[in-house]
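What follows is the content of start-v5.pdb (PDB, C-alpha atoms, pLDDT in the B column).
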```
MODEL        1
ATOM      1  CA  MET T   1      20.494  17.414  17.844  1.00 78.00           C
ATOM      2  CA  ARG T   2      19.930  13.694  18.099  1.00 81.00           C
ATOM      3  CA  GLU T   3      19.174  11.086  15.463  1.00 83.00           C
ATOM      4  CA  LEU T   4      15.584   9.931  15.054  1.00 76.00           C
ATOM      5  CA  THR T   5      14.555   6.493  16.200  1.00 80.00           C
ATOM      6  CA  GLU T   6      13.032   4.086  13.690  1.00 76.00           C
ATOM      7  CA  VAL T   7       9.510   4.810  14.933  1.00 74.00           C
ATOM      8  CA  GLU T   8      10.033   8.569  14.764  1.00 74.00           C
ATOM      9  CA  ALA T   9      11.474   8.315  11.251  1.00 71.00           C
ATOM     10  CA  ASN T  10       8.424   6.363  10.044  1.00 66.00           C
ATOM     11  CA  VAL T  11       6.106   9.002  11.508  1.00 66.00           C
ATOM     12  CA  VAL T  12       8.027  11.838   9.870  1.00 66.00           C
ATOM     13  CA  VAL T  13       8.107  10.128   6.486  1.00 64.00           C
ATOM     14  CA  GLY T  14       4.363   9.572   6.718  1.00 56.00           C
ATOM     15  CA  GLY T  15       4.271   6.534   4.453  1.00 59.00           C
ATOM     16  CA  SER T  16       2.088   3.569   5.157  1.00 81.00           C
ATOM     17  CA  LEU T  17       1.664   0.130   3.724  1.00 85.00           C
ATOM     18  CA  ILE T  18      -1.723   1.051   2.254  1.00 87.00           C
ATOM     19  CA  ALA T  19      -0.250   4.010   0.376  1.00 88.00           C
ATOM     20  CA  ASP T  20       2.640   1.896  -0.891  1.00 89.00           C
ATOM     21  CA  TYR T  21       0.343  -0.800  -2.264  1.00 92.00           C
ATOM     22  CA  ALA T  22      -1.990   1.826  -3.749  1.00 93.00           C
ATOM     23  CA  ALA T  23       0.906   3.493  -5.559  1.00 93.00           C
ATOM     24  CA  GLU T  24       2.212   0.202  -6.912  1.00 94.00           C
ATOM     25  CA  GLY T  25      -1.265  -0.914  -7.970  1.00 95.00           C
ATOM     26  CA  GLY T  26      -1.889   2.417  -9.669  1.00 95.00           C
ATOM     27  CA  ALA T  27       1.340   2.194 -11.636  1.00 95.00           C
ATOM     28  CA  VAL T  28       0.643  -1.346 -12.800  1.00 95.00           C
ATOM     29  CA  GLY T  29      -3.000  -0.498 -13.538  1.00 95.00           C
ATOM     30  CA  THR T  30      -1.989   2.463 -15.680  1.00 96.00           C
ATOM     31  CA  VAL T  31       0.215   0.316 -17.882  1.00 96.00           C
ATOM     32  CA  VAL T  32      -2.323  -2.496 -18.120  1.00 94.00           C
ATOM     33  CA  GLY T  33      -5.134  -0.040 -18.860  1.00 95.00           C
ATOM     34  CA  TYR T  34      -3.182   1.599 -21.642  1.00 95.00           C
ATOM     35  CA  VAL T  35      -2.146  -1.697 -23.206  1.00 95.00           C
ATOM     36  CA  ALA T  36      -5.702  -3.043 -23.046  1.00 93.00           C
ATOM     37  CA  ASP T  37      -7.461   0.062 -24.385  1.00 89.00           C
ATOM     38  CA  THR T  38      -4.608   1.952 -26.132  1.00 91.00           C
ATOM     39  CA  THR T  39      -6.034   5.299 -24.990  1.00 93.00           C
ATOM     40  CA  VAL T  40      -5.225   7.748 -22.238  1.00 93.00           C
ATOM     41  CA  MET T  41      -8.707   7.202 -20.823  1.00 95.00           C
ATOM     42  CA  GLY T  42      -7.995   3.483 -20.571  1.00 93.00           C
ATOM     43  CA  ALA T  43      -4.770   4.232 -18.742  1.00 95.00           C
ATOM     44  CA  THR T  44      -6.624   6.507 -16.332  1.00 95.00           C
ATOM     45  CA  ARG T  45      -9.311   3.934 -15.625  1.00 95.00           C
ATOM     46  CA  GLY T  46      -6.718   1.200 -15.181  1.00 95.00           C
ATOM     47  CA  GLY T  47      -4.642   3.356 -12.855  1.00 95.00           C
ATOM     48  CA  PHE T  48      -7.645   4.179 -10.689  1.00 96.00           C
ATOM     49  CA  ALA T  49      -8.771   0.559 -10.528  1.00 96.00           C
ATOM     50  CA  GLY T  50      -5.240  -0.612  -9.750  1.00 95.00           C
ATOM     51  CA  ALA T  51      -4.849   1.947  -6.986  1.00 96.00           C
ATOM     52  CA  MET T  52      -8.144   0.911  -5.403  1.00 96.00           C
ATOM     53  CA  LEU T  53      -7.235  -2.771  -5.572  1.00 96.00           C
ATOM     54  CA  GLY T  54      -3.791  -2.058  -4.143  1.00 94.00           C
ATOM     55  CA  ALA T  55      -5.241  -0.011  -1.278  1.00 93.00           C
ATOM     56  CA  ALA T  56      -7.770  -2.745  -0.500  1.00 94.00           C
ATOM     57  CA  TYR T  57      -5.010  -5.365  -0.502  1.00 94.00           C
ATOM     58  CA  GLY T  58      -2.808  -3.201   1.732  1.00 90.00           C
ATOM     59  CA  GLY T  59      -5.642  -2.607   4.179  1.00 90.00           C
ATOM     60  CA  GLY T  60      -6.509  -6.279   4.305  1.00 91.00           C
ATOM     61  CA  TYR T  61      -2.884  -7.211   4.760  1.00 90.00           C
ATOM     62  CA  MET T  62      -2.489  -4.785   7.657  1.00 87.00           C
ATOM     63  CA  VAL T  63      -5.652  -5.999   9.399  1.00 89.00           C
ATOM     64  CA  GLY T  64      -4.731  -9.638   8.826  1.00 91.00           C
ATOM     65  CA  THR T  65      -1.229  -9.086  10.161  1.00 88.00           C
ATOM     66  CA  PHE T  66      -2.585  -7.321  13.240  1.00 88.00           C
ATOM     67  CA  LEU T  67      -5.065 -10.096  13.944  1.00 92.00           C
ATOM     68  CA  TYR T  68      -2.442 -12.784  13.404  1.00 93.00           C
ATOM     69  CA  ASN T  69       0.039 -11.063  15.713  1.00 90.00           C
ATOM     70  CA  SER T  70      -2.663 -10.543  18.343  1.00 90.00           C
ATOM     71  CA  TYR T  71      -3.568 -14.231  18.172  1.00 89.00           C
ATOM     72  CA  GLN T  72       0.072 -15.274  18.476  1.00 87.00           C
ATOM     73  CA  ASP T  73       0.627 -13.038  21.504  1.00 81.00           C
ATOM     74  CA  SER T  74      -2.354 -14.437  23.423  1.00 74.00           C
TER      75      SER T  74
ENDMDL
END
```

Could you write out this file's structure as structure tokens?
Amino acid sequence: MRELTEVEANVVVGGSLIADYAAEGGAVGTVVGYVADTTVMGATRGGFAGAMLGAAYGGGYMVGTFLYNSYQDS
């Protein structure tokens, strides 16, 4: 057996930048939601909102990076 290349390892792991930002945003949103509302429902709402904001940021970051790199290569 051979070792996986960096590209192959990233495919096997299956993680993406959008998922990473969504997870981080969800974690922060859960804490903020609980502190703001002091209920489990507040934590749930905050976690959902944080995950959506994190995913949107991750998607925008990926598109912006792609466009920037494409511009630099031309």

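Of the listed residues T:Gly29, T:Gly59, T:Gln72, T:Phe66, the one whose atoms come nearest to Leu17 (chain T) is T:Gly59, with distances taken using only C-alpha atoms.
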
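You can rank T:Asn69, T:Ser16, T:Thr5, T:Thr30 by their closest distance to Gly47 (chain T) using only C-alpha atoms, and at the top of that list sits T:Thr30.
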
So the first atom is CA of Val40 (chain T) and the second is CA of Gly25 (chain T); what is the distance between them in Å, to one decimal place?
17.2 Å

List as a ChimeraX atom specification the residues having at least one atom at most 12 Å from position (-5.1, -3.5, -19.8) as given in the file, counting all atoms listed in the file.
/T:27-47,49-50

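Minimum distance to Asp20 (chain T) across T:Gly58, T:Ser70, T:Glu8, T:Phe48 (counting only C-alpha atoms) occurs at T:Gly58.
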
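Interatomic distance, CA of Gly26 (chain T) to CA of Ala56 (chain T): 12.1 Å.
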
What is the CA of Ala51 (chain T)-CA of Ala19 (chain T) distance in Å, reported with one decimal?
8.9 Å

Quick one: axis-aligned box around all listed atoms of region 27-46 of chain T, 6 Å on every side, centre and edge lengths in Å to one decimal, written as lines of an AutoDock Vina configuration file.
```
center_x = -4.0
center_y = 2.4
center_z = -18.9
size_x = 22.7
size_y = 22.8
size_z = 26.5
```

Counting only C-alpha atoms, which residue out of T:Val7, T:Arg2, T:Asp73, T:Tyr21 sits closest to Tyr61 (chain T)?
T:Tyr21
